[in-house]
>>> print(open('coords-v1.pdb').read())   # PDB, C-alpha atoms, pLDDT in the B column
ATOM      1  CA  MET N   1      24.892  -0.541 -21.214  1.00 35.00           C
ATOM      2  CA  LEU N   2      23.091  -1.923 -18.160  1.00 39.00           C
ATOM      3  CA  ASP N   3      24.252  -5.266 -16.760  1.00 41.00           C
ATOM      4  CA  SER N   4      21.777  -7.909 -15.575  1.00 39.00           C
ATOM      5  CA  ILE N   5      21.995  -6.877 -11.913  1.00 44.00           C
ATOM      6  CA  SER N   6      21.231  -3.248 -12.791  1.00 51.00           C
ATOM      7  CA  ILE N   7      18.215  -4.358 -14.828  1.00 46.00           C
ATOM      8  CA  ILE N   8      16.916  -6.493 -11.964  1.00 47.00           C
ATOM      9  CA  GLN N   9      17.406  -3.651  -9.523  1.00 60.00           C
ATOM     10  CA  THR N  10      15.633  -1.133 -11.762  1.00 66.00           C
ATOM     11  CA  ALA N  11      12.700  -3.437 -12.482  1.00 69.00           C
ATOM     12  CA  GLY N  12      12.461  -4.241  -8.773  1.00 83.00           C
ATOM     13  CA  LEU N  13      12.284  -0.587  -7.784  1.00 89.00           C
ATOM     14  CA  ILE N  14       9.695   0.241 -10.441  1.00 90.00           C
ATOM     15  CA  GLY N  15       7.533  -2.671  -9.323  1.00 86.00           C
ATOM     16  CA  ILE N  16       7.706  -1.561  -5.690  1.00 88.00           C
ATOM     17  CA  PHE N  17       6.847   2.031  -6.570  1.00 92.00           C
ATOM     18  CA  LEU N  18       3.870   1.011  -8.714  1.00 90.00           C
ATOM     19  CA  ILE N  19       2.467  -1.267  -6.009  1.00 88.00           C
ATOM     20  CA  ILE N  20       2.842   1.370  -3.287  1.00 92.00           C
ATOM     21  CA  PHE N  21       1.308   4.031  -5.528  1.00 95.00           C
ATOM     22  CA  ALA N  22      -1.686   1.814  -6.275  1.00 92.00           C
ATOM     23  CA  GLU N  23      -2.256   0.671  -2.703  1.00 92.00           C
ATOM     24  CA  SER N  24      -2.098   4.237  -1.443  1.00 93.00           C
ATOM     25  CA  GLY N  25      -5.237   5.415  -3.219  1.00 87.00           C
ATOM     26  CA  LEU N  26      -6.649   3.163  -5.938  1.00 89.00           C
ATOM     27  CA  PHE N  27      -9.743   1.486  -4.495  1.00 81.00           C
ATOM     28  CA  PHE N  28      -9.193  -1.750  -6.437  1.00 79.00           C
ATOM     29  CA  ALA N  29      -5.649  -2.188  -5.068  1.00 80.00           C
ATOM     30  CA  PHE N  30      -6.566  -2.590  -1.405  1.00 77.00           C
ATOM     31  CA  PHE N  31      -5.264  -6.181  -1.341  1.00 75.00           C
ATOM     32  CA  LEU N  32      -1.660  -5.273  -2.206  1.00 79.00           C
ATOM     33  CA  PRO N  33       0.869  -5.981   0.575  1.00 77.00           C
ATOM     34  CA  GLY N  34       2.504  -2.602   1.190  1.00 81.00           C
ATOM     35  CA  ASP N  35       3.949  -3.404   4.619  1.00 84.00           C
ATOM     36  CA  SER N  36       5.320  -6.838   3.755  1.00 82.00           C
ATOM     37  CA  LEU N  37       6.658  -5.455   0.481  1.00 83.00           C
ATOM     38  CA  PHE N  38       8.558  -2.712   2.313  1.00 89.00           C
ATOM     39  CA  PHE N  39       9.868  -5.267   4.795  1.00 86.00           C
ATOM     40  CA  ALA N  40      11.164  -7.500   2.004  1.00 83.00           C
ATOM     41  CA  ALA N  41      12.613  -4.488   0.207  1.00 86.00           C
ATOM     42  CA  GLY N  42      14.569  -3.655   3.357  1.00 89.00           C
ATOM     43  CA  LEU N  43      15.981  -7.174   3.384  1.00 85.00           C
ATOM     44  CA  PHE N  44      16.942  -6.911  -0.289  1.00 84.00           C
ATOM     45  CA  ALA N  45      18.499  -3.505   0.302  1.00 89.00           C
ATOM     46  CA  HIS N  46      20.673  -4.870   3.076  1.00 87.00           C
ATOM     47  CA  GLY N  47      21.780  -7.668   0.778  1.00 82.00           C
ATOM     48  CA  GLY N  48      22.818  -5.113  -1.822  1.00 83.00           C
ATOM     49  CA  PHE N  49      20.153  -6.148  -4.335  1.00 83.00           C
ATOM     50  CA  LEU N  50      18.282  -2.846  -4.086  1.00 88.00           C
ATOM     51  CA  PRO N  51      19.825   0.616  -3.629  1.00 91.00           C
ATOM     52  CA  LEU N  52      18.603   1.897  -0.282  1.00 93.00           C
ATOM     53  CA  LEU N  53      18.417   5.653  -0.928  1.00 95.00           C
ATOM     54  CA  PRO N  54      16.499   5.433  -4.253  1.00 94.00           C
ATOM     55  CA  LEU N  55      14.233   2.846  -2.602  1.00 94.00           C
ATOM     56  CA  LEU N  56      13.397   5.216   0.251  1.00 96.00           C
ATOM     57  CA  ILE N  57      12.939   8.327  -1.889  1.00 97.00           C
ATOM     58  CA  GLY N  58      10.916   6.566  -4.591  1.00 96.00           C
ATOM     59  CA  SER N  59       8.679   4.838  -2.061  1.00 96.00           C
ATOM     60  CA  ILE N  60       7.935   8.118  -0.302  1.00 97.00           C
ATOM     61  CA  ILE N  61       7.053   9.819  -3.593  1.00 97.00           C
ATOM     62  CA  ALA N  62       4.881   6.874  -4.689  1.00 97.00           C
ATOM     63  CA  ALA N  63       3.003   6.842  -1.377  1.00 97.00           C
ATOM     64  CA  ILE N  64       2.346  10.585  -1.503  1.00 97.00           C
ATOM     65  CA  LEU N  65       1.228  10.582  -5.145  1.00 97.00           C
ATOM     66  CA  GLY N  66      -1.026   7.593  -4.525  1.00 96.00           C
ATOM     67  CA  GLY N  67      -2.673   9.432  -1.651  1.00 96.00           C
ATOM     68  CA  PHE N  68      -3.384  12.425  -3.885  1.00 97.00           C
ATOM     69  CA  VAL N  69      -4.946  10.186  -6.530  1.00 96.00           C
ATOM     70  CA  GLY N  70      -7.167   8.669  -3.844  1.00 94.00           C
ATOM     71  CA  TYR N  71      -8.223  12.112  -2.638  1.00 95.00           C
ATOM     72  CA  PHE N  72      -9.137  13.327  -6.118  1.00 93.00           C
ATOM     73  CA  THR N  73     -10.972  10.070  -6.839  1.00 90.00           C
ATOM     74  CA  GLY N  74     -13.105  10.599  -3.750  1.00 89.00           C
ATOM     75  CA  HIS N  75     -13.564  14.280  -4.593  1.00 88.00           C
ATOM     76  CA  LYS N  76     -14.795  13.429  -8.080  1.00 88.00           C
ATOM     77  CA  LEU N  77     -17.115  10.613  -7.044  1.00 82.00           C
ATOM     78  CA  GLY N  78     -18.397  12.313  -3.903  1.00 76.00           C
ATOM     79  CA  PRO N  79     -21.117  10.498  -1.918  1.00 72.00           C
ATOM     80  CA  LYS N  80     -21.726   8.321  -4.991  1.00 71.00           C
ATOM     81  CA  VAL N  81     -18.822   6.183  -3.830  1.00 67.00           C
ATOM     82  CA  PHE N  82     -21.135   4.774  -1.143  1.00 61.00           C
ATOM     83  CA  THR N  83     -23.684   3.673  -3.737  1.00 62.00           C
ATOM     84  CA  LYS N  84     -21.141   1.757  -5.797  1.00 62.00           C
ATOM     85  CA  ASP N  85     -22.020  -1.936  -6.000  1.00 58.00           C
ATOM     86  CA  SER N  86     -19.688  -4.362  -4.267  1.00 56.00           C
ATOM     87  CA  SER N  87     -17.534  -6.502  -6.527  1.00 52.00           C
ATOM     88  CA  VAL N  88     -14.409  -8.629  -6.436  1.00 48.00           C
ATOM     89  CA  PHE N  89     -12.292  -5.466  -6.330  1.00 51.00           C
ATOM     90  CA  PHE N  90     -14.506  -3.389  -4.071  1.00 58.00           C
ATOM     91  CA  SER N  91     -16.549  -3.750  -0.909  1.00 64.00           C
ATOM     92  CA  LYS N  92     -18.594  -1.108   0.861  1.00 70.00           C
ATOM     93  CA  ARG N  93     -17.530  -2.478   4.212  1.00 73.00           C
ATOM     94  CA  TYR N  94     -13.994  -1.245   3.533  1.00 73.00           C
ATOM     95  CA  LEU N  95     -15.333   2.280   3.208  1.00 77.00           C
ATOM     96  CA  VAL N  96     -17.293   1.830   6.409  1.00 78.00           C
ATOM     97  CA  LYS N  97     -14.159   0.591   8.167  1.00 79.00           C
ATOM     98  CA  ALA N  98     -12.211   3.647   7.008  1.00 83.00           C
ATOM     99  CA  GLU N  99     -15.074   5.887   8.077  1.00 82.00           C
ATOM    100  CA  GLU N 100     -14.970   4.370  11.558  1.00 85.00           C
ATOM    101  CA  TYR N 101     -11.341   5.419  11.827  1.00 84.00           C
ATOM    102  CA  TYR N 102     -12.305   8.974  10.881  1.00 87.00           C
ATOM    103  CA  ASP N 103     -14.978   8.950  13.566  1.00 86.00           C
ATOM    104  CA  LYS N 104     -12.420   7.788  16.119  1.00 87.00           C
ATOM    105  CA  TYR N 105      -9.235   9.610  15.134  1.00 88.00           C
ATOM    106  CA  GLY N 106     -10.427  12.484  12.951  1.00 89.00           C
ATOM    107  CA  LYS N 107      -7.900  13.996  10.537  1.00 91.00           C
ATOM    108  CA  MET N 108      -5.064  11.961  12.049  1.00 92.00           C
ATOM    109  CA  THR N 109      -6.575   8.976  10.259  1.00 93.00           C
ATOM    110  CA  ILE N 110      -4.501   9.939   7.212  1.00 94.00           C
ATOM    111  CA  ILE N 111      -1.329   9.242   9.198  1.00 94.00           C
ATOM    112  CA  ILE N 112      -2.588   6.287  11.240  1.00 93.00           C
ATOM    113  CA  ALA N 113      -4.096   4.591   8.183  1.00 92.00           C
ATOM    114  CA  ARG N 114      -0.712   4.294   6.485  1.00 93.00           C
ATOM    115  CA  PHE N 115       0.084   1.450   8.875  1.00 91.00           C
ATOM    116  CA  ILE N 116      -3.276  -0.337   8.538  1.00 88.00           C
ATOM    117  CA  PRO N 117      -3.952  -2.494   5.455  1.00 84.00           C
ATOM    118  CA  ILE N 118      -7.129  -1.663   3.501  1.00 83.00           C
ATOM    119  CA  VAL N 119      -7.768   1.453   5.593  1.00 88.00           C
ATOM    120  CA  ARG N 120      -4.734   3.149   4.027  1.00 90.00           C
ATOM    121  CA  THR N 121      -6.290   2.659   0.584  1.00 90.00           C
ATOM    122  CA  PHE N 122      -9.693   4.098   1.432  1.00 90.00           C
ATOM    123  CA  ALA N 123      -8.703   6.847   3.894  1.00 92.00           C
ATOM    124  CA  PRO N 124      -7.608   9.332   1.192  1.00 94.00           C
ATOM    125  CA  ILE N 125     -10.663   8.487  -0.903  1.00 91.00           C
ATOM    126  CA  LEU N 126     -12.977   9.345   1.986  1.00 90.00           C
ATOM    127  CA  ALA N 127     -10.965  12.508   2.641  1.00 91.00           C
ATOM    128  CA  GLY N 128     -11.759  13.528  -0.913  1.00 90.00           C
ATOM    129  CA  VAL N 129     -15.446  12.702  -0.538  1.00 87.00           C
ATOM    130  CA  GLY N 130     -15.707  15.623   1.850  1.00 80.00           C
ATOM    131  CA  LYS N 131     -14.217  14.923   5.233  1.00 74.00           C
ATOM    132  CA  MET N 132     -11.116  17.057   4.874  1.00 86.00           C
ATOM    133  CA  ASN N 133      -9.926  20.426   3.616  1.00 91.00           C
ATOM    134  CA  PHE N 134      -7.477  19.937   0.738  1.00 93.00           C
ATOM    135  CA  ARG N 135      -4.690  22.006   2.331  1.00 93.00           C
ATOM    136  CA  THR N 136      -4.964  19.935   5.486  1.00 94.00           C
ATOM    137  CA  PHE N 137      -4.878  16.770   3.423  1.00 95.00           C
ATOM    138  CA  ILE N 138      -1.761  17.934   1.563  1.00 96.00           C
ATOM    139  CA  LEU N 139       0.102  18.359   4.844  1.00 97.00           C
ATOM    140  CA  LEU N 140      -1.026  15.089   6.426  1.00 96.00           C
ATOM    141  CA  ASN N 141      -0.577  13.093   3.226  1.00 97.00           C
ATOM    142  CA  ILE N 142       2.995  14.321   2.835  1.00 97.00           C
ATOM    143  CA  ILE N 143       3.808  13.658   6.507  1.00 97.00           C
ATOM    144  CA  SER N 144       2.344  10.154   6.386  1.00 96.00           C
ATOM    145  CA  GLY N 145       4.083   9.419   3.094  1.00 96.00           C
ATOM    146  CA  ILE N 146       7.419  10.480   4.567  1.00 97.00           C
ATOM    147  CA  ILE N 147       6.969   8.424   7.748  1.00 96.00           C
ATOM    148  CA  TRP N 148       5.512   5.127   6.519  1.00 96.00           C
ATOM    149  CA  PRO N 149       8.094   3.736   4.028  1.00 95.00           C
ATOM    150  CA  PRO N 150      11.291   4.465   6.016  1.00 96.00           C
ATOM    151  CA  ILE N 151       9.938   2.863   9.193  1.00 95.00           C
ATOM    152  CA  ILE N 152       8.952  -0.459   7.607  1.00 93.00           C
ATOM    153  CA  ILE N 153      11.949  -0.588   5.260  1.00 94.00           C
ATOM    154  CA  SER N 154      14.273   0.108   8.197  1.00 95.00           C
ATOM    155  CA  VAL N 155      12.791  -2.818  10.131  1.00 91.00           C
ATOM    156  CA  GLY N 156      13.500  -5.147   7.211  1.00 88.00           C
ATOM    157  CA  TYR N 157      16.987  -3.694   6.790  1.00 91.00           C
ATOM    158  CA  PHE N 158      17.755  -4.126  10.498  1.00 91.00           C
ATOM    159  CA  ILE N 159      16.526  -7.725  10.601  1.00 86.00           C
ATOM    160  CA  GLY N 160      18.488  -8.441   7.436  1.00 84.00           C
ATOM    161  CA  SER N 161      21.624  -7.313   9.237  1.00 84.00           C
ATOM    162  CA  ARG N 162      20.936  -9.831  11.998  1.00 83.00           C
ATOM    163  CA  ILE N 163      20.435 -12.889   9.755  1.00 77.00           C
ATOM    164  CA  PRO N 164      23.607 -14.538   8.382  1.00 76.00           C
ATOM    165  CA  ASN N 165      23.584 -15.241   4.645  1.00 74.00           C
ATOM    166  CA  ILE N 166      20.244 -13.476   4.163  1.00 68.00           C
ATOM    167  CA  GLU N 167      20.697 -13.750   0.391  1.00 65.00           C
ATOM    168  CA  HIS N 168      19.929 -17.476   0.670  1.00 71.00           C
ATOM    169  CA  TYR N 169      16.365 -16.619   1.686  1.00 68.00           C
ATOM    170  CA  PHE N 170      15.557 -14.093  -1.040  1.00 64.00           C
ATOM    171  CA  LEU N 171      13.708 -16.597  -3.243  1.00 65.00           C
ATOM    172  CA  PRO N 172      11.329 -17.883  -0.532  1.00 73.00           C
ATOM    173  CA  ILE N 173      10.784 -14.305   0.632  1.00 67.00           C
ATOM    174  CA  SER N 174       9.865 -13.279  -2.914  1.00 63.00           C
ATOM    175  CA  ILE N 175       7.470 -16.217  -3.235  1.00 70.00           C
ATOM    176  CA  LEU N 176       5.895 -15.333   0.105  1.00 70.00           C
ATOM    177  CA  ILE N 177       5.359 -11.722  -0.962  1.00 64.00           C
ATOM    178  CA  ILE N 178       3.681 -12.842  -4.193  1.00 63.00           C
ATOM    179  CA  PHE N 179       1.498 -15.255  -2.224  1.00 70.00           C
ATOM    180  CA  LEU N 180       0.496 -12.572   0.259  1.00 65.00           C
ATOM    181  CA  SER N 181      -0.301 -10.248  -2.640  1.00 59.00           C
ATOM    182  CA  VAL N 182      -2.870 -12.531  -4.223  1.00 63.00           C
ATOM    183  CA  LEU N 183      -4.226 -14.332  -1.151  1.00 65.00           C
ATOM    184  CA  PRO N 184      -6.797 -11.667  -0.168  1.00 60.00           C
ATOM    185  CA  LEU N 185      -8.058 -11.473  -3.747  1.00 59.00           C
ATOM    186  CA  ILE N 186      -8.338 -15.251  -4.002  1.00 66.00           C
ATOM    187  CA  TRP N 187     -10.218 -15.328  -0.692  1.00 65.00           C
ATOM    188  CA  ARG N 188     -12.635 -12.670  -1.871  1.00 58.00           C
ATOM    189  CA  VAL N 189     -13.262 -14.466  -5.177  1.00 60.00           C
ATOM    190  CA  LEU N 190     -13.959 -17.698  -3.302  1.00 68.00           C
ATOM    191  CA  LYS N 191     -16.370 -15.915  -0.945  1.00 63.00           C
ATOM    192  CA  ILE N 192     -18.302 -14.400  -3.835  1.00 56.00           C
ATOM    193  CA  TRP N 193     -18.402 -17.777  -5.591  1.00 60.00           C
ATOM    194  CA  TRP N 194     -19.605 -19.496  -2.400  1.00 67.00           C
ATOM    195  CA  TYR N 195     -22.395 -16.991  -1.785  1.00 63.00           C
ATOM    196  CA  SER N 196     -23.523 -17.127  -5.406  1.00 61.00           C
ATOM    197  CA  ARG N 197     -23.783 -20.919  -5.227  1.00 65.00           C
ATOM    198  CA  HIS N 198     -25.707 -20.969  -1.959  1.00 63.00           C
ATOM    199  CA  GLN N 199     -28.250 -18.208  -2.422  1.00 61.00           C
TER
END
>>> encode(input="coords-v1.pdb", output="structure tokens")
Amino acid sequence: MLDSISIIQTAGLIGIFLIIFAESGLFFAFFLPGDSLFFAAGLFAHGGFLPLLPLLIGSIIAAILGGFVGYFTGHKLGPKVFTKDSSVFFSKRYLVKAEEYYDKYGKMTIIIARFIPIVRTFAPILAGVGKMNFRTFILLNIISGIIWPPIIISVGYFIGSRIPNIEHYFLPISILIIFLSVLPLIWRVLKIWWYSRHQ
């Protein structure tokens, strides 16, 4: 029978994996804080509240699978993705921003985008729209998925090792992560409300 710590650890890992999966390819999840989440996870792992190896392996798998979902979403929608109306959970300018990275960096965008919020969500979708051969995408998506989580998690883990009594800061860190998660969405809702009131 699982004890309370094991339950917290399991729920924590599942939550991290789901967020990373969504942010890696679901167009409505662009606001999720992948980098800050990995950083916090590294801190928690150093404090012994998350198992490091399952965290790394699960995060890599989630990132890779999310990228594939994004690719197939773009492949299915095709150019129609550019005609989709903007909403609270979608903006055409995010697609344009991702497209600018393709124009500048080409296929390497799949790797570079992993470290750039918003762009990492829409890069695989645009790859599926028609900018990239699927075999090429498989390779770059796997490479980027293997690189991204360990780097950010390691930074958090390293900093955690340099801060005495890091466990005392877990609650404010958790609150900060939640705040960062919803802040972009709140900002977008407020912008839409403001424009609707002043048209």
>>> residues_around(input="coords-v1.pdb", residues="range 139-155 of chain N", least_positions_apart="4", cutoff="6 Å", atoms="all atoms listed in the file", output="ChimeraX atom specification")
/N:38-39,42,60,63-64,111
>>> closest_residue(input="coords-v1.pdb", among="N:Leu26, N:Ile19, N:Leu13, N:Ile175", to="Leu52 in chain N", atoms="only C-alpha atoms")
N:Leu13
>>> atom_distance(input="coords-v1.pdb", atom1="CA of Phe21 in chain N", atom2="CA of Gly34 in chain N")
9.5 Å
>>> atom_distance(input="coords-v1.pdb", atom1="CA of Thr121 in chain N", atom2="CA of Tyr105 in chain N")
16.4 Å
>>> resolve_selection(input="coords-v1.pdb", expression="the PyMOL selection byres ((chain N and resi 68) around 9)", output="number ranges by chain")
N: 24-25, 63-67, 69-73, 124-125, 128, 137-138, 141
>>> residues_around(input="coords-v1.pdb", residues="Phe17 in chain N", least_positions_apart="3", cutoff="8 Å", atoms="only C-alpha atoms", output="ChimeraX atom specification")
/N:13-14,20-21,58-59,62
>>> build_atoms(input="coords-v1.pdb", residues="range 136-161 of chain N", atoms="N, CA and C atoms", output="mmCIF file, keeping the file's coordinate frame")
data_model
loop_
_atom_site.group_PDB
_atom_site.id
_atom_site.type_symbol
_atom_site.label_atom_id
_atom_site.label_comp_id
_atom_site.auth_asym_id
_atom_site.auth_seq_id
_atom_site.Cartn_x
_atom_site.Cartn_y
_atom_site.Cartn_z
ATOM 1 N N THR N 136 -5.252 20.815 4.353
ATOM 2 C CA THR N 136 -4.964 19.935 5.486
ATOM 3 C C THR N 136 -4.537 18.562 4.995
ATOM 4 N N PHE N 137 -5.224 18.076 3.970
ATOM 5 C CA PHE N 137 -4.878 16.770 3.423
ATOM 6 C C PHE N 137 -3.467 16.776 2.838
ATOM 7 N N ILE N 138 -3.105 17.838 2.137
ATOM 8 C CA ILE N 138 -1.761 17.934 1.563
ATOM 9 C C ILE N 138 -0.711 17.723 2.645
ATOM 10 N N LEU N 139 -0.870 18.435 3.755
ATOM 11 C CA LEU N 139 0.102 18.359 4.844
ATOM 12 C C LEU N 139 0.164 16.952 5.428
ATOM 13 N N LEU N 140 -0.998 16.398 5.782
ATOM 14 C CA LEU N 140 -1.026 15.089 6.426
ATOM 15 C C LEU N 140 -0.609 13.970 5.467
ATOM 16 N N ASN N 141 -0.962 14.106 4.211
ATOM 17 C CA ASN N 141 -0.577 13.093 3.226
ATOM 18 C C ASN N 141 0.931 13.073 3.037
ATOM 19 N N ILE N 142 1.537 14.246 2.991
ATOM 20 C CA ILE N 142 2.995 14.321 2.835
ATOM 21 C C ILE N 142 3.690 13.768 4.082
ATOM 22 N N ILE N 143 3.204 14.150 5.260
ATOM 23 C CA ILE N 143 3.808 13.658 6.507
ATOM 24 C C ILE N 143 3.720 12.135 6.580
ATOM 25 N N SER N 144 2.528 11.605 6.301
ATOM 26 C CA SER N 144 2.344 10.154 6.386
ATOM 27 C C SER N 144 3.172 9.429 5.339
ATOM 28 N N GLY N 145 3.287 10.027 4.148
ATOM 29 C CA GLY N 145 4.083 9.419 3.094
ATOM 30 C C GLY N 145 5.566 9.407 3.407
ATOM 31 N N ILE N 146 6.014 10.404 4.171
ATOM 32 C CA ILE N 146 7.419 10.480 4.567
ATOM 33 C C ILE N 146 7.727 9.496 5.703
ATOM 34 N N ILE N 147 6.752 9.271 6.575
ATOM 35 C CA ILE N 147 6.969 8.424 7.748
ATOM 36 C C ILE N 147 6.880 6.939 7.427
ATOM 37 N N TRP N 148 5.840 6.546 6.690
ATOM 38 C CA TRP N 148 5.512 5.127 6.519
ATOM 39 C C TRP N 148 6.634 4.292 5.881
ATOM 40 N N PRO N 149 7.098 4.611 4.661
ATOM 41 C CA PRO N 149 8.094 3.736 4.028
ATOM 42 C C PRO N 149 9.397 3.562 4.825
ATOM 43 N N PRO N 150 10.016 4.646 5.312
ATOM 44 C CA PRO N 150 11.291 4.465 6.016
ATOM 45 C C PRO N 150 11.191 3.574 7.250
ATOM 46 N N ILE N 151 10.066 3.662 7.973
ATOM 47 C CA ILE N 151 9.938 2.863 9.193
ATOM 48 C C ILE N 151 9.923 1.373 8.864
ATOM 49 N N ILE N 152 9.070 0.963 7.917
ATOM 50 C CA ILE N 152 8.952 -0.459 7.607
ATOM 51 C C ILE N 152 10.204 -0.978 6.889
ATOM 52 N N ILE N 153 10.734 -0.184 5.972
ATOM 53 C CA ILE N 153 11.949 -0.588 5.260
ATOM 54 C C ILE N 153 13.109 -0.740 6.239
ATOM 55 N N SER N 154 13.194 0.173 7.207
ATOM 56 C CA SER N 154 14.273 0.108 8.197
ATOM 57 C C SER N 154 14.188 -1.153 9.042
ATOM 58 N N VAL N 155 12.969 -1.577 9.363
ATOM 59 C CA VAL N 155 12.791 -2.818 10.131
ATOM 60 C C VAL N 155 13.345 -3.999 9.346
ATOM 61 N N GLY N 156 12.980 -4.074 8.051
ATOM 62 C CA GLY N 156 13.500 -5.147 7.211
ATOM 63 C C GLY N 156 15.016 -5.085 7.087
ATOM 64 N N TYR N 157 15.540 -3.883 6.917
ATOM 65 C CA TYR N 157 16.987 -3.694 6.790
ATOM 66 C C TYR N 157 17.710 -4.138 8.066
ATOM 67 N N PHE N 158 17.144 -3.771 9.210
ATOM 68 C CA PHE N 158 17.755 -4.126 10.498
ATOM 69 C C PHE N 158 17.742 -5.638 10.706
ATOM 70 N N ILE N 159 16.614 -6.277 10.438
ATOM 71 C CA ILE N 159 16.526 -7.725 10.601
ATOM 72 C C ILE N 159 17.461 -8.425 9.621
ATOM 73 N N GLY N 160 17.566 -7.869 8.412
ATOM 74 C CA GLY N 160 18.488 -8.441 7.436
ATOM 75 C C GLY N 160 19.920 -8.430 7.931
ATOM 76 N N SER N 161 20.263 -7.410 8.706
ATOM 77 C CA SER N 161 21.624 -7.313 9.237
ATOM 78 C C SER N 161 21.882 -8.310 10.361
#
